[in-house]
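Read through the structure below, which is laid out as structure tokens, and then see the notes.
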Amino acid sequence: MNYYDRIAHLYDATRPLPSPVSEAIADCILQLVAATPETTFLEPGIGTGRIGLPIIRRGYTYTGVDISQEMMAQLRCKLGGTPVNLTLVQADASVLPFADNSFDVVLTTHMLHCLPDWRVGLSEFRRVLNPQGIYLSCETLICHRIKGSSSLI
Ligand SMILES: C[S@@+](CC[C@H](N)C(=O)[O-])C[C@H]1O[C@@H](n2cnc3c(N)ncnc32)[C@H](O)[C@@H]1O
């Protein structure tokens, strides 16, 4: 059992994200990537789905990858199961089990620092992204808020 497996049950309680904020972040992401109903998303390190949840609920095709089954179990619990538009895979983000050019958008929040070598992760994200794909990364949510940015990404 890894670190995130052990803390999964209290993860959301220690990082509260009120629903209006969560929905606003989803609005911002969808606007940034000019999402259409066909847009496909990959979120390595999806965790409990704090960021992905509203996008999944809106019906977008979403794939989440995490090394921790327990973190993804929390997400399944919040969704009451696994909806048809969601695929959850236990895997290492440094060795993604997907073909080249598989996704339109790759999104990571607070996970690059978890990788032994973030350059390997970035290389994998580029590999699985379509040539015109978009990578969004957020590692400094609190910092952006302090600076008063309207964008959390
Ligand atoms: C700080 S949490 C962030 C979770 C979520 N993105 C969020 O913003 O709430 C880091 C997540 O990355 C996952 N993780 C850590 N190392 C990983 C790896 N090598 N491959 C895939 N996921 C990993 C952890 O299990 C955890 O769910």
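In the structure tokens, each chain is lettered A, B, ... as it comes, each chain's residues begin at 1, and ligands are numbered from 1 in order of appearance.
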Inset, instruction - Might you pull out every residue within 9 Å of A:Glu43, with only C-alpha atoms counted and same-chain residues fewer than 4 positions away left off, and present them as a list in words? - result: Gly52, Tyr62, Thr63, Gly64, Val65, Asp66, Val105, Val106, Leu107, Thr108 and Thr109 of chain A
Selection file, N, CA, C and O atoms, as a CSV table (one decimal), in the first residue's frame:
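out.csv written:
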chain,number,residue,atom,x,y,z
A,52,GLY,N,-11.2,16.6,-12.1
A,52,GLY,CA,-11.9,15.9,-13.2
A,52,GLY,C,-13.4,15.7,-13.1
A,52,GLY,O,-14.1,15.7,-14.0
A,62,TYR,N,-13.3,10.8,-20.7
A,62,TYR,CA,-12.3,11.1,-19.7
A,62,TYR,C,-11.6,9.8,-19.3
A,62,TYR,O,-12.2,8.9,-18.9
A,63,THR,N,-10.3,9.9,-19.3
A,63,THR,CA,-9.5,8.7,-18.9
A,63,THR,C,-8.6,9.2,-17.7
A,63,THR,O,-7.9,10.2,-17.8
A,64,GLY,N,-8.7,8.5,-16.6
A,64,GLY,CA,-7.9,8.9,-15.4
A,64,GLY,C,-6.9,7.7,-15.1
A,64,GLY,O,-7.2,6.6,-15.2
A,65,VAL,N,-5.7,8.2,-14.8
A,65,VAL,CA,-4.6,7.2,-14.5
A,65,VAL,C,-4.1,7.5,-13.1
A,65,VAL,O,-3.9,8.7,-12.8
A,66,ASP,N,-3.9,6.5,-12.3
A,66,ASP,CA,-3.3,6.8,-11.0
A,66,ASP,C,-2.6,5.5,-10.5
A,66,ASP,O,-3.0,4.4,-10.8
A,105,VAL,N,-6.4,16.2,-24.9
A,105,VAL,CA,-6.0,17.1,-23.8
A,105,VAL,C,-5.4,16.2,-22.7
A,105,VAL,O,-5.9,15.1,-22.4
A,106,VAL,N,-4.2,16.5,-22.2
A,106,VAL,CA,-3.7,15.9,-21.0
A,106,VAL,C,-3.6,17.0,-20.0
A,106,VAL,O,-3.2,18.1,-20.2
A,107,LEU,N,-4.1,16.6,-18.8
A,107,LEU,CA,-4.2,17.6,-17.7
A,107,LEU,C,-3.6,16.9,-16.4
A,107,LEU,O,-3.9,15.8,-16.1
A,108,THR,N,-2.7,17.7,-15.7
A,108,THR,CA,-2.2,17.2,-14.5
A,108,THR,C,-2.4,18.3,-13.4
A,108,THR,O,-2.2,19.5,-13.7
A,109,THR,N,-2.7,17.9,-12.2
A,109,THR,CA,-2.8,18.9,-11.1
A,109,THR,C,-2.1,18.3,-9.9
A,109,THR,O,-2.4,17.2,-9.5
What does the list of residues within 10 Å of ligand 1 look like if you count only C-alpha atoms and all ligand atoms, written as a PDB file with N, CA, C and O atoms, in the first residue's frame?
ATOM      1  N   ASN A   2       0.669   2.146  -0.986  1.00  0.00           N
ATOM      2  CA  ASN A   2       1.526   3.337  -1.039  1.00  0.00           C
ATOM      3  C   ASN A   2       0.933   4.472  -0.197  1.00  0.00           C
ATOM      4  O   ASN A   2      -0.153   4.360   0.376  1.00  0.00           O
ATOM      5  N   TYR A   3       1.658   5.577  -0.160  1.00  0.00           N
ATOM      6  CA  TYR A   3       1.260   6.716   0.664  1.00  0.00           C
ATOM      7  C   TYR A   3      -0.168   7.174   0.349  1.00  0.00           C
ATOM      8  O   TYR A   3      -0.990   7.373   1.257  1.00  0.00           O
ATOM      9  N   TYR A   4      -0.479   7.349  -0.944  1.00  0.00           N
ATOM     10  CA  TYR A   4      -1.799   7.864  -1.306  1.00  0.00           C
ATOM     11  C   TYR A   4      -2.907   6.843  -1.035  1.00  0.00           C
ATOM     12  O   TYR A   4      -4.040   7.221  -0.736  1.00  0.00           O
ATOM     13  N   ASP A   5      -2.596   5.554  -1.112  1.00  0.00           N
ATOM     14  CA  ASP A   5      -3.582   4.546  -0.702  1.00  0.00           C
ATOM     15  C   ASP A   5      -3.954   4.752   0.769  1.00  0.00           C
ATOM     16  O   ASP A   5      -5.125   4.668   1.144  1.00  0.00           O
ATOM     17  N   ARG A   6      -2.955   5.050   1.589  1.00  0.00           N
ATOM     18  CA  ARG A   6      -3.197   5.157   3.028  1.00  0.00           C
ATOM     19  C   ARG A   6      -3.983   6.413   3.394  1.00  0.00           C
ATOM     20  O   ARG A   6      -4.761   6.401   4.353  1.00  0.00           O
ATOM     21  N   ILE A   7      -3.786   7.496   2.642  1.00  0.00           N
ATOM     22  CA  ILE A   7      -4.476   8.757   3.021  1.00  0.00           C
ATOM     23  C   ILE A   7      -5.708   9.037   2.166  1.00  0.00           C
ATOM     24  O   ILE A   7      -6.369  10.057   2.355  1.00  0.00           O
ATOM     25  N   ALA A   8      -6.042   8.137   1.258  1.00  0.00           N
ATOM     26  CA  ALA A   8      -7.133   8.390   0.298  1.00  0.00           C
ATOM     27  C   ALA A   8      -8.440   8.768   0.994  1.00  0.00           C
ATOM     28  O   ALA A   8      -9.152   9.679   0.537  1.00  0.00           O
ATOM     29  N   TYR A  11      -8.197  12.432   2.015  1.00  0.00           N
ATOM     30  CA  TYR A  11      -7.559  13.377   1.080  1.00  0.00           C
ATOM     31  C   TYR A  11      -8.449  14.595   0.796  1.00  0.00           C
ATOM     32  O   TYR A  11      -8.023  15.736   0.942  1.00  0.00           O
ATOM     33  N   ASP A  12      -9.695  14.356   0.422  1.00  0.00           N
ATOM     34  CA  ASP A  12     -10.568  15.484   0.047  1.00  0.00           C
ATOM     35  C   ASP A  12     -10.826  16.416   1.231  1.00  0.00           C
ATOM     36  O   ASP A  12     -10.906  17.641   1.052  1.00  0.00           O
ATOM     37  N   ARG A  15      -8.170  18.908   1.557  1.00  0.00           N
ATOM     38  CA  ARG A  15      -7.987  19.818   0.410  1.00  0.00           C
ATOM     39  C   ARG A  15      -9.366  20.215  -0.125  1.00  0.00           C
ATOM     40  O   ARG A  15      -9.726  19.874  -1.249  1.00  0.00           O
ATOM     41  N   PRO A  16     -10.157  20.898   0.710  1.00  0.00           N
ATOM     42  CA  PRO A  16     -11.534  21.181   0.298  1.00  0.00           C
ATOM     43  C   PRO A  16     -11.594  22.053  -0.957  1.00  0.00           C
ATOM     44  O   PRO A  16     -10.816  22.993  -1.111  1.00  0.00           O
ATOM     45  N   LEU A  17     -12.492  21.690  -1.835  1.00  0.00           N
ATOM     46  CA  LEU A  17     -12.714  22.457  -3.066  1.00  0.00           C
ATOM     47  C   LEU A  17     -14.228  22.597  -3.201  1.00  0.00           C
ATOM     48  O   LEU A  17     -14.904  21.685  -3.672  1.00  0.00           O
ATOM     49  N   GLU A  43      -6.154  12.391 -17.612  1.00  0.00           N
ATOM     50  CA  GLU A  43      -5.609  13.018 -16.401  1.00  0.00           C
ATOM     51  C   GLU A  43      -4.738  12.024 -15.644  1.00  0.00           C
ATOM     52  O   GLU A  43      -5.240  11.216 -14.853  1.00  0.00           O
ATOM     53  N   PRO A  44      -3.422  12.086 -15.853  1.00  0.00           N
ATOM     54  CA  PRO A  44      -2.516  11.268 -15.036  1.00  0.00           C
ATOM     55  C   PRO A  44      -2.519  11.794 -13.597  1.00  0.00           C
ATOM     56  O   PRO A  44      -2.527  13.009 -13.375  1.00  0.00           O
ATOM     57  N   GLY A  45      -2.536  10.895 -12.623  1.00  0.00           N
ATOM     58  CA  GLY A  45      -2.600  11.319 -11.225  1.00  0.00           C
ATOM     59  C   GLY A  45      -3.946  11.914 -10.896  1.00  0.00           C
ATOM     60  O   GLY A  45      -4.052  12.892 -10.155  1.00  0.00           O
ATOM     61  N   ILE A  46      -4.994  11.296 -11.387  1.00  0.00           N
ATOM     62  CA  ILE A  46      -6.350  11.840 -11.215  1.00  0.00           C
ATOM     63  C   ILE A  46      -6.790  11.858  -9.757  1.00  0.00           C
ATOM     64  O   ILE A  46      -7.619  12.678  -9.362  1.00  0.00           O
ATOM     65  N   GLY A  47      -6.207  10.987  -8.948  1.00  0.00           N
ATOM     66  CA  GLY A  47      -6.539  10.955  -7.526  1.00  0.00           C
ATOM     67  C   GLY A  47      -8.013  10.718  -7.282  1.00  0.00           C
ATOM     68  O   GLY A  47      -8.631   9.825  -7.871  1.00  0.00           O
ATOM     69  N   THR A  48      -8.591  11.561  -6.419  1.00  0.00           N
ATOM     70  CA  THR A  48     -10.006  11.437  -6.067  1.00  0.00           C
ATOM     71  C   THR A  48     -10.897  12.211  -7.032  1.00  0.00           C
ATOM     72  O   THR A  48     -12.094  12.352  -6.797  1.00  0.00           O
ATOM     73  N   GLY A  49     -10.297  12.755  -8.088  1.00  0.00           N
ATOM     74  CA  GLY A  49     -11.080  13.443  -9.122  1.00  0.00           C
ATOM     75  C   GLY A  49     -11.489  14.846  -8.751  1.00  0.00           C
ATOM     76  O   GLY A  49     -12.465  15.372  -9.290  1.00  0.00           O
ATOM     77  N   ARG A  50     -10.734  15.478  -7.866  1.00  0.00           N
ATOM     78  CA  ARG A  50     -11.117  16.838  -7.449  1.00  0.00           C
ATOM     79  C   ARG A  50     -11.281  17.765  -8.644  1.00  0.00           C
ATOM     80  O   ARG A  50     -12.170  18.608  -8.670  1.00  0.00           O
ATOM     81  N   ILE A  51     -10.390  17.621  -9.638  1.00  0.00           N
ATOM     82  CA  ILE A  51     -10.452  18.498 -10.804  1.00  0.00           C
ATOM     83  C   ILE A  51     -11.331  17.884 -11.905  1.00  0.00           C
ATOM     84  O   ILE A  51     -12.134  18.571 -12.537  1.00  0.00           O
ATOM     85  N   GLY A  52     -11.190  16.590 -12.111  1.00  0.00           N
ATOM     86  CA  GLY A  52     -11.874  15.946 -13.234  1.00  0.00           C
ATOM     87  C   GLY A  52     -13.361  15.728 -13.050  1.00  0.00           C
ATOM     88  O   GLY A  52     -14.120  15.685 -14.032  1.00  0.00           O
ATOM     89  N   GLY A  64      -8.694   8.522 -16.583  1.00  0.00           N
ATOM     90  CA  GLY A  64      -7.882   8.856 -15.415  1.00  0.00           C
ATOM     91  C   GLY A  64      -6.896   7.743 -15.136  1.00  0.00           C
ATOM     92  O   GLY A  64      -7.237   6.565 -15.233  1.00  0.00           O
ATOM     93  N   VAL A  65      -5.680   8.161 -14.821  1.00  0.00           N
ATOM     94  CA  VAL A  65      -4.634   7.198 -14.474  1.00  0.00           C
ATOM     95  C   VAL A  65      -4.125   7.545 -13.084  1.00  0.00           C
ATOM     96  O   VAL A  65      -3.930   8.729 -12.775  1.00  0.00           O
ATOM     97  N   ASP A  66      -3.946   6.547 -12.271  1.00  0.00           N
ATOM     98  CA  ASP A  66      -3.331   6.801 -10.968  1.00  0.00           C
ATOM     99  C   ASP A  66      -2.629   5.530 -10.505  1.00  0.00           C
ATOM    100  O   ASP A  66      -3.044   4.423 -10.837  1.00  0.00           O
ATOM    101  N   ILE A  67      -1.591   5.745  -9.729  1.00  0.00           N
ATOM    102  CA  ILE A  67      -0.847   4.619  -9.166  1.00  0.00           C
ATOM    103  C   ILE A  67      -1.623   4.031  -7.980  1.00  0.00           C
ATOM    104  O   ILE A  67      -1.419   2.889  -7.596  1.00  0.00           O
ATOM    105  N   SER A  68      -2.528   4.850  -7.426  1.00  0.00           N
ATOM    106  CA  SER A  68      -3.262   4.449  -6.213  1.00  0.00           C
ATOM    107  C   SER A  68      -4.692   4.026  -6.528  1.00  0.00           C
ATOM    108  O   SER A  68      -5.526   4.849  -6.938  1.00  0.00           O
ATOM    109  N   GLN A  69      -4.971   2.757  -6.273  1.00  0.00           N
ATOM    110  CA  GLN A  69      -6.346   2.263  -6.450  1.00  0.00           C
ATOM    111  C   GLN A  69      -7.286   2.922  -5.447  1.00  0.00           C
ATOM    112  O   GLN A  69      -8.449   3.187  -5.761  1.00  0.00           O
ATOM    113  N   GLU A  70      -6.790   3.180  -4.237  1.00  0.00           N
ATOM    114  CA  GLU A  70      -7.662   3.733  -3.193  1.00  0.00           C
ATOM    115  C   GLU A  70      -8.106   5.159  -3.535  1.00  0.00           C
ATOM    116  O   GLU A  70      -9.246   5.551  -3.240  1.00  0.00           O
ATOM    117  N   MET A  71      -7.215   5.937  -4.135  1.00  0.00           N
ATOM    118  CA  MET A  71      -7.597   7.296  -4.550  1.00  0.00           C
ATOM    119  C   MET A  71      -8.702   7.207  -5.604  1.00  0.00           C
ATOM    120  O   MET A  71      -9.708   7.917  -5.527  1.00  0.00           O
ATOM    121  N   MET A  72      -8.530   6.326  -6.562  1.00  0.00           N
ATOM    122  CA  MET A  72      -9.552   6.189  -7.609  1.00  0.00           C
ATOM    123  C   MET A  72     -10.840   5.590  -7.039  1.00  0.00           C
ATOM    124  O   MET A  72     -11.931   5.898  -7.537  1.00  0.00           O
ATOM    125  N   VAL A  89      -7.575   3.745 -14.948  1.00  0.00           N
ATOM    126  CA  VAL A  89      -6.523   2.752 -15.122  1.00  0.00           C
ATOM    127  C   VAL A  89      -5.478   2.936 -14.027  1.00  0.00           C
ATOM    128  O   VAL A  89      -4.994   4.061 -13.818  1.00  0.00           O
ATOM    129  N   GLN A  90      -5.147   1.852 -13.343  1.00  0.00           N
ATOM    130  CA  GLN A  90      -4.034   1.931 -12.393  1.00  0.00           C
ATOM    131  C   GLN A  90      -2.739   1.749 -13.177  1.00  0.00           C
ATOM    132  O   GLN A  90      -2.502   0.689 -13.783  1.00  0.00           O
ATOM    133  N   ALA A  91      -1.929   2.787 -13.191  1.00  0.00           N
ATOM    134  CA  ALA A  91      -0.672   2.732 -13.952  1.00  0.00           C
ATOM    135  C   ALA A  91       0.245   3.838 -13.458  1.00  0.00           C
ATOM    136  O   ALA A  91      -0.166   4.770 -12.767  1.00  0.00           O
ATOM    137  N   ASP A  92       1.511   3.710 -13.849  1.00  0.00           N
ATOM    138  CA  ASP A  92       2.520   4.725 -13.563  1.00  0.00           C
ATOM    139  C   ASP A  92       2.490   5.757 -14.690  1.00  0.00           C
ATOM    140  O   ASP A  92       2.613   5.389 -15.870  1.00  0.00           O
ATOM    141  N   ALA A  93       2.317   7.021 -14.329  1.00  0.00           N
ATOM    142  CA  ALA A  93       2.239   8.078 -15.336  1.00  0.00           C
ATOM    143  C   ALA A  93       3.525   8.192 -16.153  1.00  0.00           C
ATOM    144  O   ALA A  93       3.525   8.811 -17.215  1.00  0.00           O
ATOM    145  N   SER A  94       4.604   7.605 -15.666  1.00  0.00           N
ATOM    146  CA  SER A  94       5.871   7.642 -16.415  1.00  0.00           C
ATOM    147  C   SER A  94       5.922   6.580 -17.505  1.00  0.00           C
ATOM    148  O   SER A  94       6.830   6.599 -18.345  1.00  0.00           O
ATOM    149  N   VAL A  95       4.975   5.643 -17.459  1.00  0.00           N
ATOM    150  CA  VAL A  95       4.913   4.568 -18.470  1.00  0.00           C
ATOM    151  C   VAL A  95       3.436   4.381 -18.816  1.00  0.00           C
ATOM    152  O   VAL A  95       2.804   3.407 -18.393  1.00  0.00           O
ATOM    153  N   LEU A  96       2.896   5.299 -19.567  1.00  0.00           N
ATOM    154  CA  LEU A  96       1.450   5.282 -19.809  1.00  0.00           C
ATOM    155  C   LEU A  96       1.062   4.150 -20.768  1.00  0.00           C
ATOM    156  O   LEU A  96       1.687   3.977 -21.817  1.00  0.00           O
ATOM    157  N   LEU A 107      -4.088  16.605 -18.777  1.00  0.00           N
ATOM    158  CA  LEU A 107      -4.236  17.554 -17.671  1.00  0.00           C
ATOM    159  C   LEU A 107      -3.608  16.938 -16.425  1.00  0.00           C
ATOM    160  O   LEU A 107      -3.892  15.783 -16.097  1.00  0.00           O
ATOM    161  N   THR A 108      -2.745  17.697 -15.750  1.00  0.00           N
ATOM    162  CA  THR A 108      -2.236  17.217 -14.463  1.00  0.00           C
ATOM    163  C   THR A 108      -2.363  18.323 -13.426  1.00  0.00           C
ATOM    164  O   THR A 108      -2.155  19.505 -13.734  1.00  0.00           O
ATOM    165  N   THR A 109      -2.736  17.949 -12.227  1.00  0.00           N
ATOM    166  CA  THR A 109      -2.776  18.903 -11.130  1.00  0.00           C
ATOM    167  C   THR A 109      -2.063  18.296  -9.930  1.00  0.00           C
ATOM    168  O   THR A 109      -2.405  17.212  -9.480  1.00  0.00           O
ATOM    169  N   HIS A 110      -1.074  19.013  -9.479  1.00  0.00           N
ATOM    170  CA  HIS A 110      -0.339  18.628  -8.269  1.00  0.00           C
ATOM    171  C   HIS A 110       0.165  17.189  -8.327  1.00  0.00           C
ATOM    172  O   HIS A 110       0.002  16.445  -7.356  1.00  0.00           O
ATOM    173  N   MET A 111       0.730  16.805  -9.438  1.00  0.00           N
ATOM    174  CA  MET A 111       1.253  15.429  -9.496  1.00  0.00           C
ATOM    175  C   MET A 111       2.653  15.320 -10.084  1.00  0.00           C
ATOM    176  O   MET A 111       3.341  14.347  -9.813  1.00  0.00           O
ATOM    177  N   LEU A 112       3.103  16.323 -10.837  1.00  0.00           N
ATOM    178  CA  LEU A 112       4.446  16.215 -11.434  1.00  0.00           C
ATOM    179  C   LEU A 112       5.508  16.004 -10.359  1.00  0.00           C
ATOM    180  O   LEU A 112       6.474  15.267 -10.579  1.00  0.00           O
ATOM    181  N   HIS A 113       5.324  16.636  -9.210  1.00  0.00           N
ATOM    182  CA  HIS A 113       6.322  16.503  -8.134  1.00  0.00           C
ATOM    183  C   HIS A 113       6.372  15.090  -7.567  1.00  0.00           C
ATOM    184  O   HIS A 113       7.308  14.741  -6.855  1.00  0.00           O
ATOM    185  N   CYS A 114       5.338  14.290  -7.877  1.00  0.00           N
ATOM    186  CA  CYS A 114       5.312  12.895  -7.371  1.00  0.00           C
ATOM    187  C   CYS A 114       6.198  11.976  -8.219  1.00  0.00           C
ATOM    188  O   CYS A 114       6.521  10.867  -7.781  1.00  0.00           O
ATOM    189  N   LEU A 115       6.537  12.409  -9.424  1.00  0.00           N
ATOM    190  CA  LEU A 115       7.275  11.528 -10.330  1.00  0.00           C
ATOM    191  C   LEU A 115       8.765  11.565 -10.017  1.00  0.00           C
ATOM    192  O   LEU A 115       9.323  12.623  -9.731  1.00  0.00           O
ATOM    193  N   PRO A 116       9.424  10.402 -10.100  1.00  0.00           N
ATOM    194  CA  PRO A 116      10.874  10.374  -9.856  1.00  0.00           C
ATOM    195  C   PRO A 116      11.617  11.301 -10.818  1.00  0.00           C
ATOM    196  O   PRO A 116      12.582  11.943 -10.438  1.00  0.00           O
ATOM    197  N   ASP A 117      11.132  11.381 -12.062  1.00  0.00           N
ATOM    198  CA  ASP A 117      11.726  12.294 -13.044  1.00  0.00           C
ATOM    199  C   ASP A 117      10.592  12.914 -13.862  1.00  0.00           C
ATOM    200  O   ASP A 117      10.002  12.251 -14.724  1.00  0.00           O
ATOM    201  N   TRP A 118      10.264  14.170 -13.560  1.00  0.00           N
ATOM    202  CA  TRP A 118       9.127  14.824 -14.236  1.00  0.00           C
ATOM    203  C   TRP A 118       9.352  14.928 -15.736  1.00  0.00           C
ATOM    204  O   TRP A 118       8.393  14.982 -16.512  1.00  0.00           O
ATOM    205  N   GLY A 121       7.812  12.030 -17.340  1.00  0.00           N
ATOM    206  CA  GLY A 121       6.361  12.210 -17.387  1.00  0.00           C
ATOM    207  C   GLY A 121       5.954  13.116 -18.538  1.00  0.00           C
ATOM    208  O   GLY A 121       5.067  12.784 -19.324  1.00  0.00           O
ATOM    209  N   SER A 137      -1.131  22.064 -17.030  1.00  0.00           N
ATOM    210  CA  SER A 137      -0.523  21.635 -15.770  1.00  0.00           C
ATOM    211  C   SER A 137      -0.797  22.675 -14.706  1.00  0.00           C
ATOM    212  O   SER A 137      -0.687  23.875 -14.954  1.00  0.00           O
ATOM    213  N   CYS A 138      -1.152  22.223 -13.542  1.00  0.00           N
ATOM    214  CA  CYS A 138      -1.307  23.121 -12.399  1.00  0.00           C
ATOM    215  C   CYS A 138      -0.540  22.534 -11.233  1.00  0.00           C
ATOM    216  O   CYS A 138      -0.865  21.444 -10.761  1.00  0.00           O
ATOM    217  N   GLU A 139       0.476  23.240 -10.790  1.00  0.00           N
ATOM    218  CA  GLU A 139       1.227  22.798  -9.613  1.00  0.00           C
ATOM    219  C   GLU A 139       1.155  23.823  -8.497  1.00  0.00           C
ATOM    220  O   GLU A 139       1.597  23.572  -7.397  1.00  0.00           O
ATOM    221  N   LEU A 141      -1.705  26.050  -7.348  1.00  0.00           N
ATOM    222  CA  LEU A 141      -3.053  26.604  -7.222  1.00  0.00           C
ATOM    223  C   LEU A 141      -3.102  27.747  -6.208  1.00  0.00           C
ATOM    224  O   LEU A 141      -3.641  28.811  -6.474  1.00  0.00           O
TER     225      LEU A 141
END
Inset, instruction - Name the residues of stretch 12-85 of chain A that fall into strand (DSSP E or B) according to DSSP on the backbone, using the chain letters and numbers of this document, as a PyMOL selection string. - result: chain A and resi 40-44+61-66
Inset, instruction - List every residue of chain A that DSSP, applied to the backbone, labels as helix (DSSP H, G or I), and write the result as a ChimeraX atom specification. - result: /A:3-14,19-32,53-57,69-79,112-114,118-128,141-146
Legend entry - Selection: 12 Å around A:Pro37, only C-alpha atoms, excl. self and same-chain fewer than 5 positions, as JSON, numbers by chain: {"A": [30, 55, 56, 58, 59, 60, 61, 62, 85, 104]}
Could you please take those selected residues and save N, CA and C atoms as a short mmCIF file (atom, residue, chain, number, x, y, z; two decimals), in the first residue's frame?
data_model
loop_
_atom_site.label_atom_id
_atom_site.label_comp_id
_atom_site.auth_asym_id
_atom_site.auth_seq_id
_atom_site.Cartn_x
_atom_site.Cartn_y
_atom_site.Cartn_z
N LEU A 30 -12.39 23.86 -19.81
CA LEU A 30 -13.11 23.58 -21.07
C LEU A 30 -12.98 24.76 -22.04
N ILE A 55 -15.99 17.68 -15.01
CA ILE A 55 -15.85 17.45 -16.46
C ILE A 55 -16.42 16.08 -16.81
N ILE A 56 -16.16 15.12 -15.97
CA ILE A 56 -16.72 13.77 -16.17
C ILE A 56 -18.24 13.84 -16.10
N ARG A 58 -20.12 16.19 -16.81
CA ARG A 58 -20.69 16.87 -18.00
C ARG A 58 -20.65 15.98 -19.23
N GLY A 59 -20.09 14.77 -19.09
CA GLY A 59 -20.20 13.78 -20.17
C GLY A 59 -19.02 13.68 -21.10
N TYR A 60 -17.94 14.42 -20.84
CA TYR A 60 -16.77 14.33 -21.72
C TYR A 60 -16.08 12.98 -21.56
N THR A 61 -15.44 12.55 -22.63
CA THR A 61 -14.71 11.28 -22.61
C THR A 61 -13.42 11.47 -21.82
N TYR A 62 -13.32 10.82 -20.68
CA TYR A 62 -12.28 11.12 -19.70
C TYR A 62 -11.58 9.84 -19.27
N ASN A 85 -18.51 7.23 -19.79
CA ASN A 85 -17.53 8.15 -20.40
C ASN A 85 -16.22 8.19 -19.63
N ASP A 104 -6.75 14.33 -26.86
CA ASP A 104 -6.73 15.74 -27.27
C ASP A 104 -6.17 16.64 -26.17
#
Legend entry - Nearest to A:Leu136 by atom-to-atom distance, counting only C-alpha atoms, from A:Leu122, A:Lys78, A:Ser102, A:Ser22: A:Leu122
Legend entry - Atom pair atom CA of A:Phe41 / atom CA of A:Met1: separation (Å): 27.5 Å
